[in-house]
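Structure record follows, encoded as structure tokens.
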Amino acid sequence: MSEQSPVKNPWKAYLGLLFGSFTIIESLAFQIPVVPILQKVFGISVASAAFIGLCYYLTHIVFGPIWGNIGDQLGRKRIVLTGMAVFAFSEFMAAASVNFPMFLAARLIQGVGSACVVSSGLAYASYLFPQEKRGAALGTFSSIGTIGAAVGGLIGGLVVTRFGWQSIYLINGTLAILGMILVASAVPETPRNQKKPFDYIGAILLLLTIGMLLSVTTLISNLGAGSPTTLSVLAAGIVLAVVFLNVEKRSSHPFIELSLLKNPIFIVPLIVYFFIQLCNTGAMTANSFFVNAKPNGGPQVVGIVSMYSYIAGALAGFTSGKLIDKIRIKYVMLLGIAIFFIGIISFSRFNANTPVWYISMAVCIFTAGICMMMPACIKMALSIVPSSKLGAGSGTYTMLQYMGNPAGSSVGLAVFSSLSATALAAQLTTSAQKAGMSQDMIPALLKAGKTAGKTIDPALADQLTKLGTKFQDLYTPANVQAMVGALNKMSYIILGVTAVVFLLTLIFLPSQPVQPVEDTEKRAA
């Protein structure tokens, strides 16, 4: 490559950088057991809880290519340090949040900071290592992040249970500061490319476009598909997307590398990973609500399940990194998709009495599948990016890749919430009839079910007392059973999407990528 690191021990430098990625990723895993808690603390609906992930990924996605371009021009080390400082501030702000809007503002800032670290981390893999050793580096990048998620899931569940939800953000802020010290001492600065004008208009348009489009599913859950607000936001998102593409085509220095999107070797791995990530995030988010509500569940159990799944993912990511340096990348991608499919089949078998070990096993399998795919997709896509545009190329890749997370969270919660609500009404009606409740009290019971029993009609409360039962005696088992039905139906949808993605990979990707023309000419020279 033309931009090759002079560092004698690249692994030492790379591992220093990976600690920064570790702190970022484990903080994301903290969100899995804490989201149901935050829903109750701030008094929001299940569907509205999707904004917790949406706000973070909105800025994380948009600022990925921003920091990638700036890192190419100013040096990536200073961008990483800047991002970690911003991230630390946002974590302390989240801990101090007194209401939901303040917490969401902190999440927006967190996304800005984390985008610096992740986009530069991918670029450093190409900077520090030659092509034939890059798979191991990318696999380690994936594994370290996944180990961070495992630790975050476990600690998150334990810490939330014992010390309250604010404590996890205080821990994250402190770890980010320690990470800054390590990066400053161990990671080399990269060469600077010639400065070029920055596409501020493109950045603003993209921020607005993604924000509009990703919020549509959440608005559907809260306001309905036919709501004027929902339809207006959807229309605005589509119009902004068209305007953004036209502006980028005419710009001499576009915000994202549109030329890469025309190359199937770059775009197909992105599409494949996006849809698998969408399915994975939706399944994980819905599962956290199920495990939190089921008998013998709770935040700590959610954290334990997350820990096991991410450990499996770390092993799969490391294995994938080794494999893509030895066998064809396409085969590793297909293997990952197949493993994910098997995990979702196990996921579809959940019921109210499913033991934690089986839940953990199923989640471990499909997490291993997507983590097997990640290094292969990255290496395939970035293989055609010229070395002079590694920051911009990796920023564009991460921007599009990570859209699967907020989309999966919002779509998953929207689908799960809708399916659960419908099933809950049926389950509550059946339970009430078996308990001997009069038919005229059923509407009041269903209304109380929408608030989880926080608001109960006095007449309903009086009849429950006469029947010798409590509202929660009817609601809790009905709610768990409704969640089970929702998970089962979601899994069938995910299986269909996974099958389509497998065929897409099989048909449209070459067995092995080719070297970028620019780098091939420079090597020859």
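In the structure tokens, the first chain shown is A, the next is B, and so on; residue numbers restart at 1 for each chain, and ligands run from 1 in the order shown.
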
Practice prompt. Tell me which protein, DNA and RNA residues are within 8 Å of range 51-56 of chain A, counting only C-alpha atoms, leaving out same-chain ones fewer than 2 positions away, and put them as a ChimeraX atom specification.
Written response: /A:35,48-49,58-60,104-105,107-111,214-215,218,405-407,409-410

Mind writing the picked residues with N, CA, C and O atoms as a tab-separated table (two decimals), in the first residue's frame?
```tsv
chain	number	residue	atom	x	y	z
A	35	VAL	N	-32.34	-0.50	29.22
A	35	VAL	CA	-33.46	0.11	28.49
A	35	VAL	C	-34.81	-0.13	29.17
A	35	VAL	O	-35.59	0.82	29.34
A	48	SER	N	-41.49	4.12	22.50
A	48	SER	CA	-40.70	5.35	22.65
A	48	SER	C	-39.28	5.06	23.13
A	48	SER	O	-38.37	5.86	22.92
A	49	ALA	N	-39.08	3.90	23.77
A	49	ALA	CA	-37.74	3.52	24.22
A	49	ALA	C	-36.79	3.37	23.04
A	49	ALA	O	-35.56	3.42	23.21
A	58	LEU	N	-28.07	7.94	15.29
A	58	LEU	CA	-28.26	9.03	14.34
A	58	LEU	C	-26.96	9.81	14.16
A	58	LEU	O	-26.46	9.99	13.05
A	59	THR	N	-26.39	10.27	15.26
A	59	THR	CA	-25.14	11.03	15.17
A	59	THR	C	-23.94	10.13	14.91
A	59	THR	O	-22.99	10.52	14.23
A	60	HIS	N	-23.98	8.91	15.41
A	60	HIS	CA	-22.88	7.98	15.16
A	60	HIS	C	-22.76	7.69	13.66
A	60	HIS	O	-21.66	7.66	13.10
A	104	LEU	N	-31.69	12.03	26.16
A	104	LEU	CA	-31.57	11.87	24.71
A	104	LEU	C	-30.50	12.80	24.13
A	104	LEU	O	-29.78	12.43	23.20
A	105	ALA	N	-30.39	14.01	24.69
A	105	ALA	CA	-29.34	14.94	24.25
A	105	ALA	C	-27.96	14.34	24.51
A	105	ALA	O	-27.04	14.44	23.68
A	107	ARG	N	-27.28	11.18	24.62
A	107	ARG	CA	-27.10	10.09	23.66
A	107	ARG	C	-26.67	10.63	22.29
A	107	ARG	O	-25.85	9.99	21.60
A	108	LEU	N	-27.20	11.76	21.89
A	108	LEU	CA	-26.77	12.38	20.63
A	108	LEU	C	-25.28	12.70	20.67
A	108	LEU	O	-24.54	12.46	19.71
A	109	ILE	N	-24.82	13.26	21.78
A	109	ILE	CA	-23.40	13.61	21.93
A	109	ILE	C	-22.54	12.35	21.98
A	109	ILE	O	-21.43	12.31	21.44
A	110	GLN	N	-23.04	11.28	22.62
A	110	GLN	CA	-22.30	10.02	22.67
A	110	GLN	C	-22.02	9.50	21.26
A	110	GLN	O	-20.93	9.00	20.97
A	111	GLY	N	-23.01	9.62	20.39
A	111	GLY	CA	-22.83	9.16	19.01
A	111	GLY	C	-21.75	9.92	18.28
A	111	GLY	O	-20.98	9.35	17.50
A	214	LEU	N	-35.40	7.17	10.06
A	214	LEU	CA	-35.29	6.19	11.15
A	214	LEU	C	-36.36	6.38	12.22
A	214	LEU	O	-36.66	5.45	12.97
A	215	SER	N	-36.95	7.57	12.30
A	215	SER	CA	-37.97	7.81	13.33
A	215	SER	C	-39.37	7.38	12.88
A	215	SER	O	-40.29	7.36	13.69
A	218	THR	N	-40.90	4.31	14.77
A	218	THR	CA	-41.28	4.66	16.15
A	218	THR	C	-42.55	5.51	16.16
A	218	THR	O	-43.41	5.34	17.03
A	405	ASN	N	-28.36	-0.96	13.22
A	405	ASN	CA	-28.63	-0.96	14.67
A	405	ASN	C	-29.85	-0.13	15.04
A	405	ASN	O	-30.78	-0.64	15.67
A	406	PRO	N	-29.89	1.17	14.70
A	406	PRO	CA	-31.09	1.94	15.06
A	406	PRO	C	-32.33	1.47	14.31
A	406	PRO	O	-33.44	1.49	14.85
A	407	ALA	N	-32.13	1.06	13.05
A	407	ALA	CA	-33.28	0.55	12.29
A	407	ALA	C	-33.81	-0.72	12.95
A	407	ALA	O	-35.03	-0.89	13.11
A	409	SER	N	-33.44	-1.60	16.10
A	409	SER	CA	-34.03	-1.26	17.40
A	409	SER	C	-35.42	-0.68	17.24
A	409	SER	O	-36.37	-1.10	17.91
A	410	SER	N	-35.56	0.29	16.35
A	410	SER	CA	-36.86	0.95	16.18
A	410	SER	C	-37.87	0.02	15.51
A	410	SER	O	-39.02	-0.09	15.96
```

Worksheet item: Can you list, as a PyMOL selection string, every protein, DNA or RNA residue that comes within 7 Å of range 358-361 of chain A when you count only C-alpha atoms, leaving out same-chain residues fewer than 6 positions away?
Response: chain A and resi 305+308-309

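Close contacts of Asn99 in chain A, defined as residues with an atom at most 10 Å away when counting only C-alpha atoms, with chain neighbours fewer than 4 positions off set aside, comprise A:Val41, A:Phe42, A:Gly43, A:Ala94, A:Phe103, A:Leu104.
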
Sort by chain and increasing residue number a table of all residues of range 417-518 of chain A within 8 Å of range 275-286 of chain A, each with its closest pair of atoms and their distance in Å to one decimal, counting only C-alpha atoms, and write it as a tab-separated table.
```
residue	atom	partner	partner_atom	distance
A:Leu487	CA	A:Ala286	CA	7.2
A:Met490	CA	A:Ala283	CA	7.7
A:Ser491	CA	A:Ala283	CA	7.7
A:Ile494	CA	A:Cys279	CA	5.9
A:Val497	CA	A:Phe275	CA	7.4
A:Thr498	CA	A:Ile276	CA	6.7
A:Val501	CA	A:Phe275	CA	7.5
```

Response to the item:
note - CA of Leu213 in chain A and CA of Gly412 in chain A are separated by 15.0 Å

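Residues with any atom within 12 Å of Asn246 in chain A, counting only C-alpha atoms and excluding same-chain neighbours fewer than 4 positions away, are Ile201, Gly202, Leu205, Leu206, Val239, Leu240, Ala241, Val242, Arg250, Ser251, Pro254, Phe255 and Leu258 of chain A.
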
Discussion item. Write out as a count of residues only the set of residues from range 213-311 of chain A that DSSP, computed on the backbone, places in alpha helix (DSSP H).
Written reply: 76

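Residue nearest Lys330 in chain A within the list A:Leu231, A:Leu245, A:Ile507, A:Ile442: A:Ile507 [criterion: smallest interatomic distance, only C-alpha atoms].
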
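The closest residue to Val112 in chain A, picked from A:Ile66, A:Met93, A:Leu15, A:Ala338 and counting only C-alpha atoms, is A:Ile66.
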
Using 10 Å as the limit and counting only C-alpha atoms, can you tabulate each residue of range 283-322 of chain A that touches range 466-485 of chain A, with its shortest atom-to-atom distance in Å and the two atoms involved, as a Markdown table?
```
| residue | atom | partner | partner_atom | distance |
| --- | --- | --- | --- | --- |
| A:Ala286 | CA | A:Met483 | CA | 8.5 |
| A:Asn287 | CA | A:Met483 | CA | 8.9 |
| A:Phe289 | CA | A:Met483 | CA | 8.3 |
| A:Phe290 | CA | A:Met483 | CA | 6.1 |
| A:Val291 | CA | A:Val480 | CA | 9.1 |
| A:Asn292 | CA | A:Val480 | CA | 9.8 |
| A:Ala293 | CA | A:Val480 | CA | 6.5 |
| A:Lys294 | CA | A:Val480 | CA | 5.8 |
| A:Pro295 | CA | A:Val480 | CA | 8.4 |
```

Output of the above residues as a short mmCIF file (atom, residue, chain, number, x, y, z; two decimals), in the first residue's frame, restricted to N, CA, C and O atoms:
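Saved the output as selection02.cif:
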```cif
data_model
loop_
_atom_site.label_atom_id
_atom_site.label_comp_id
_atom_site.auth_asym_id
_atom_site.auth_seq_id
_atom_site.Cartn_x
_atom_site.Cartn_y
_atom_site.Cartn_z
N ALA A 286 -35.93 -7.10 21.58
CA ALA A 286 -37.18 -7.74 22.00
C ALA A 286 -36.92 -8.79 23.08
O ALA A 286 -37.67 -8.91 24.05
N ASN A 287 -35.83 -9.53 22.92
CA ASN A 287 -35.49 -10.57 23.89
C ASN A 287 -35.21 -9.98 25.27
O ASN A 287 -35.53 -10.59 26.30
N PHE A 289 -36.64 -7.40 26.67
CA PHE A 289 -37.92 -7.14 27.33
C PHE A 289 -38.55 -8.45 27.81
O PHE A 289 -39.12 -8.50 28.90
N PHE A 290 -38.43 -9.50 27.01
CA PHE A 290 -39.00 -10.79 27.38
C PHE A 290 -38.30 -11.35 28.62
O PHE A 290 -38.96 -11.76 29.59
N VAL A 291 -36.97 -11.37 28.61
CA VAL A 291 -36.22 -11.93 29.73
C VAL A 291 -36.41 -11.08 30.99
O VAL A 291 -36.48 -11.60 32.11
N ASN A 292 -36.53 -9.78 30.82
CA ASN A 292 -36.74 -8.90 31.96
C ASN A 292 -38.10 -9.15 32.62
O ASN A 292 -38.25 -9.00 33.84
N ALA A 293 -39.11 -9.57 31.82
CA ALA A 293 -40.47 -9.74 32.33
C ALA A 293 -40.78 -11.17 32.78
O ALA A 293 -41.67 -11.38 33.61
N LYS A 294 -40.06 -12.16 32.23
CA LYS A 294 -40.41 -13.55 32.51
C LYS A 294 -40.10 -13.93 33.95
O LYS A 294 -39.29 -13.28 34.61
N PRO A 295 -40.74 -14.98 34.48
CA PRO A 295 -40.42 -15.46 35.83
C PRO A 295 -38.94 -15.77 35.97
O PRO A 295 -38.32 -16.33 35.07
#
```

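Nearest to Pro264 in chain A of all the residues A:Thr140, A:Ser383, A:Ser120, A:Thr422 is A:Ser383, counting only C-alpha atoms.
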
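Using only C-alpha atoms, the protein and nucleic acid residues lying no more than 6 Å from range 176-191 of chain A, apart from those fewer than 5 places from it along its own chain, are Ala13, Gly16, Leu17, Gly20, Gly75, Arg76, Lys77, Leu81, Met84 and Ala88 of chain A.
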
Those same residues, written as a PDB file, in the first residue's frame with N, CA, C and O atoms?
```pdb
ATOM      1  N   ALA A  13       0.627  -0.994  18.975  1.00  0.00           N
ATOM      2  CA  ALA A  13      -0.110   0.242  18.716  1.00  0.00           C
ATOM      3  C   ALA A  13      -1.596  -0.035  18.511  1.00  0.00           C
ATOM      4  O   ALA A  13      -2.460   0.699  19.011  1.00  0.00           O
ATOM      5  N   GLY A  16      -3.504  -0.751  21.687  1.00  0.00           N
ATOM      6  CA  GLY A  16      -3.757   0.486  22.432  1.00  0.00           C
ATOM      7  C   GLY A  16      -5.006   1.183  21.910  1.00  0.00           C
ATOM      8  O   GLY A  16      -5.834   1.682  22.681  1.00  0.00           O
ATOM      9  N   LEU A  17      -5.148   1.205  20.597  1.00  0.00           N
ATOM     10  CA  LEU A  17      -6.338   1.804  19.996  1.00  0.00           C
ATOM     11  C   LEU A  17      -7.589   0.995  20.327  1.00  0.00           C
ATOM     12  O   LEU A  17      -8.665   1.555  20.574  1.00  0.00           O
ATOM     13  N   GLY A  20      -9.698   1.819  23.338  1.00  0.00           N
ATOM     14  CA  GLY A  20     -10.684   2.875  23.134  1.00  0.00           C
ATOM     15  C   GLY A  20     -11.966   2.313  22.558  1.00  0.00           C
ATOM     16  O   GLY A  20     -13.072   2.669  22.989  1.00  0.00           O
ATOM     17  N   GLY A  75      -4.979  13.868  10.550  1.00  0.00           N
ATOM     18  CA  GLY A  75      -4.350  12.804  11.327  1.00  0.00           C
ATOM     19  C   GLY A  75      -5.392  12.110  12.187  1.00  0.00           C
ATOM     20  O   GLY A  75      -6.199  12.767  12.861  1.00  0.00           O
ATOM     21  N   ARG A  76      -5.385  10.774  12.185  1.00  0.00           N
ATOM     22  CA  ARG A  76      -6.467  10.028  12.831  1.00  0.00           C
ATOM     23  C   ARG A  76      -6.309   9.930  14.346  1.00  0.00           C
ATOM     24  O   ARG A  76      -7.295   9.754  15.059  1.00  0.00           O
ATOM     25  N   LYS A  77      -5.080  10.018  14.850  1.00  0.00           N
ATOM     26  CA  LYS A  77      -4.890   9.892  16.296  1.00  0.00           C
ATOM     27  C   LYS A  77      -5.594  11.024  17.033  1.00  0.00           C
ATOM     28  O   LYS A  77      -6.283  10.795  18.037  1.00  0.00           O
ATOM     29  N   LEU A  81      -8.654  10.808  19.906  1.00  0.00           N
ATOM     30  CA  LEU A  81      -8.587  11.441  21.222  1.00  0.00           C
ATOM     31  C   LEU A  81      -9.727  12.441  21.415  1.00  0.00           C
ATOM     32  O   LEU A  81     -10.324  12.526  22.495  1.00  0.00           O
ATOM     33  N   MET A  84     -12.933  10.450  22.085  1.00  0.00           N
ATOM     34  CA  MET A  84     -13.014   9.860  23.416  1.00  0.00           C
ATOM     35  C   MET A  84     -13.312  10.926  24.476  1.00  0.00           C
ATOM     36  O   MET A  84     -14.010  10.651  25.464  1.00  0.00           O
ATOM     37  N   ALA A  88     -16.584  10.790  26.825  1.00  0.00           N
ATOM     38  CA  ALA A  88     -16.525  10.837  28.290  1.00  0.00           C
ATOM     39  C   ALA A  88     -17.484  11.894  28.842  1.00  0.00           C
ATOM     40  O   ALA A  88     -18.222  11.650  29.801  1.00  0.00           O
TER      41      ALA A  88
END
```

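The shortest atom-to-atom distance to Ile256 in chain A, with only C-alpha atoms taken into account, belongs to A:Asn69 out of A:Asn9, A:Thr230, A:Asn69, A:Ser97.
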
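Between Gly211 in chain A and the residues A:Leu419, A:Ala236, A:Lys322, A:Phe100, the shortest atom-to-atom distance, using only C-alpha atoms, involves A:Ala236.
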
Discussion item. I want to know what sits within 8 Å of Tyr14 in chain A, based on only C-alpha atoms, with residues of the same chain fewer than 2 positions away left out; could you give that as a ChimeraX atom specification?
Written reply: /A:10-12,16-18,124-125,128,187

For the residues in the current selection, export N, CA and C atoms as a PDB file, in the first residue's frame.
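Now in part30.pdb:
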```
ATOM      1  N   PRO A  10       3.249  -3.241  15.044  1.00  0.00           N
ATOM      2  CA  PRO A  10       1.904  -2.689  14.823  1.00  0.00           C
ATOM      3  C   PRO A  10       0.873  -3.194  15.817  1.00  0.00           C
ATOM      4  N   TRP A  11       1.057  -4.414  16.329  1.00  0.00           N
ATOM      5  CA  TRP A  11       0.061  -4.952  17.263  1.00  0.00           C
ATOM      6  C   TRP A  11       0.024  -4.182  18.569  1.00  0.00           C
ATOM      7  N   LYS A  12       1.174  -3.723  19.025  1.00  0.00           N
ATOM      8  CA  LYS A  12       1.215  -2.942  20.257  1.00  0.00           C
ATOM      9  C   LYS A  12       0.411  -1.660  20.099  1.00  0.00           C
ATOM     10  N   GLY A  16      -3.504  -0.751  21.687  1.00  0.00           N
ATOM     11  CA  GLY A  16      -3.757   0.486  22.432  1.00  0.00           C
ATOM     12  C   GLY A  16      -5.006   1.183  21.910  1.00  0.00           C
ATOM     13  N   LEU A  17      -5.148   1.205  20.597  1.00  0.00           N
ATOM     14  CA  LEU A  17      -6.338   1.804  19.996  1.00  0.00           C
ATOM     15  C   LEU A  17      -7.589   0.995  20.327  1.00  0.00           C
ATOM     16  N   LEU A  18      -7.446  -0.323  20.374  1.00  0.00           N
ATOM     17  CA  LEU A  18      -8.596  -1.172  20.614  1.00  0.00           C
ATOM     18  C   LEU A  18      -9.183  -0.984  22.007  1.00  0.00           C
ATOM     19  N   TYR A 124      -7.193   2.418  10.773  1.00  0.00           N
ATOM     20  CA  TYR A 124      -5.895   2.028  11.350  1.00  0.00           C
ATOM     21  C   TYR A 124      -5.545   0.584  11.005  1.00  0.00           C
ATOM     22  N   ALA A 125      -6.547  -0.290  10.887  1.00  0.00           N
ATOM     23  CA  ALA A 125      -6.259  -1.678  10.523  1.00  0.00           C
ATOM     24  C   ALA A 125      -5.585  -1.743   9.159  1.00  0.00           C
ATOM     25  N   LEU A 128      -1.874   0.062   9.549  1.00  0.00           N
ATOM     26  CA  LEU A 128      -0.830  -0.625  10.311  1.00  0.00           C
ATOM     27  C   LEU A 128      -0.443  -1.980   9.721  1.00  0.00           C
ATOM     28  N   VAL A 187      -0.469   4.872  20.471  1.00  0.00           N
ATOM     29  CA  VAL A 187      -0.921   4.869  19.078  1.00  0.00           C
ATOM     30  C   VAL A 187      -0.194   5.944  18.273  1.00  0.00           C
TER      31      VAL A 187
END
```

Identify, on the basis of only C-alpha atoms, every residue whose closest approach to Pro458 in chain A does not exceed 12 Å; exclude the query and any residue fewer than 3 positions from it along the same chain; express the result as a PDB file with N, CA, C and O atoms, in the first residue's frame.
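Final output, saved to out.pdb:
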```
ATOM      1  N   MET A 441     -66.729  -5.757  32.393  1.00  0.00           N
ATOM      2  CA  MET A 441     -65.493  -5.243  32.993  1.00  0.00           C
ATOM      3  C   MET A 441     -64.267  -5.483  32.107  1.00  0.00           C
ATOM      4  O   MET A 441     -63.177  -4.980  32.398  1.00  0.00           O
ATOM      5  N   ALA A 444     -62.485  -2.300  30.754  1.00  0.00           N
ATOM      6  CA  ALA A 444     -61.714  -1.627  31.806  1.00  0.00           C
ATOM      7  C   ALA A 444     -60.411  -2.383  32.097  1.00  0.00           C
ATOM      8  O   ALA A 444     -59.369  -1.780  32.369  1.00  0.00           O
ATOM      9  N   LEU A 445     -60.478  -3.720  32.035  1.00  0.00           N
ATOM     10  CA  LEU A 445     -59.289  -4.542  32.252  1.00  0.00           C
ATOM     11  C   LEU A 445     -58.259  -4.302  31.153  1.00  0.00           C
ATOM     12  O   LEU A 445     -57.053  -4.156  31.427  1.00  0.00           O
ATOM     13  N   ALA A 448     -56.577  -0.988  31.629  1.00  0.00           N
ATOM     14  CA  ALA A 448     -55.569  -1.060  32.692  1.00  0.00           C
ATOM     15  C   ALA A 448     -54.318  -1.777  32.202  1.00  0.00           C
ATOM     16  O   ALA A 448     -53.189  -1.453  32.605  1.00  0.00           O
ATOM     17  N   THR A 455     -52.929   2.500  36.200  1.00  0.00           N
ATOM     18  CA  THR A 455     -54.241   3.145  36.301  1.00  0.00           C
ATOM     19  C   THR A 455     -55.316   2.071  36.206  1.00  0.00           C
ATOM     20  O   THR A 455     -55.432   1.395  35.183  1.00  0.00           O
ATOM     21  N   ALA A 461     -61.300  -2.577  40.114  1.00  0.00           N
ATOM     22  CA  ALA A 461     -60.606  -2.944  41.350  1.00  0.00           C
ATOM     23  C   ALA A 461     -61.557  -3.623  42.326  1.00  0.00           C
ATOM     24  O   ALA A 461     -61.189  -4.596  43.008  1.00  0.00           O
ATOM     25  N   ASP A 462     -62.801  -3.132  42.398  1.00  0.00           N
ATOM     26  CA  ASP A 462     -63.792  -3.715  43.310  1.00  0.00           C
ATOM     27  C   ASP A 462     -64.130  -5.144  42.885  1.00  0.00           C
ATOM     28  O   ASP A 462     -64.225  -6.041  43.731  1.00  0.00           O
ATOM     29  N   GLN A 463     -64.290  -5.370  41.576  1.00  0.00           N
ATOM     30  CA  GLN A 463     -64.624  -6.719  41.130  1.00  0.00           C
ATOM     31  C   GLN A 463     -63.448  -7.678  41.334  1.00  0.00           C
ATOM     32  O   GLN A 463     -63.649  -8.845  41.680  1.00  0.00           O
ATOM     33  N   LEU A 464     -62.235  -7.197  41.118  1.00  0.00           N
ATOM     34  CA  LEU A 464     -61.064  -8.046  41.365  1.00  0.00           C
ATOM     35  C   LEU A 464     -60.998  -8.479  42.826  1.00  0.00           C
ATOM     36  O   LEU A 464     -60.652  -9.624  43.138  1.00  0.00           O
ATOM     37  N   THR A 465     -61.337  -7.552  43.722  1.00  0.00           N
ATOM     38  CA  THR A 465     -61.337  -7.874  45.147  1.00  0.00           C
ATOM     39  C   THR A 465     -62.389  -8.940  45.458  1.00  0.00           C
ATOM     40  O   THR A 465     -62.131  -9.885  46.221  1.00  0.00           O
TER      41      THR A 465
END
```

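Distance-wise, CA of Ile378 in chain A and CA of Pro269 in chain A end up 7.6 Å apart.
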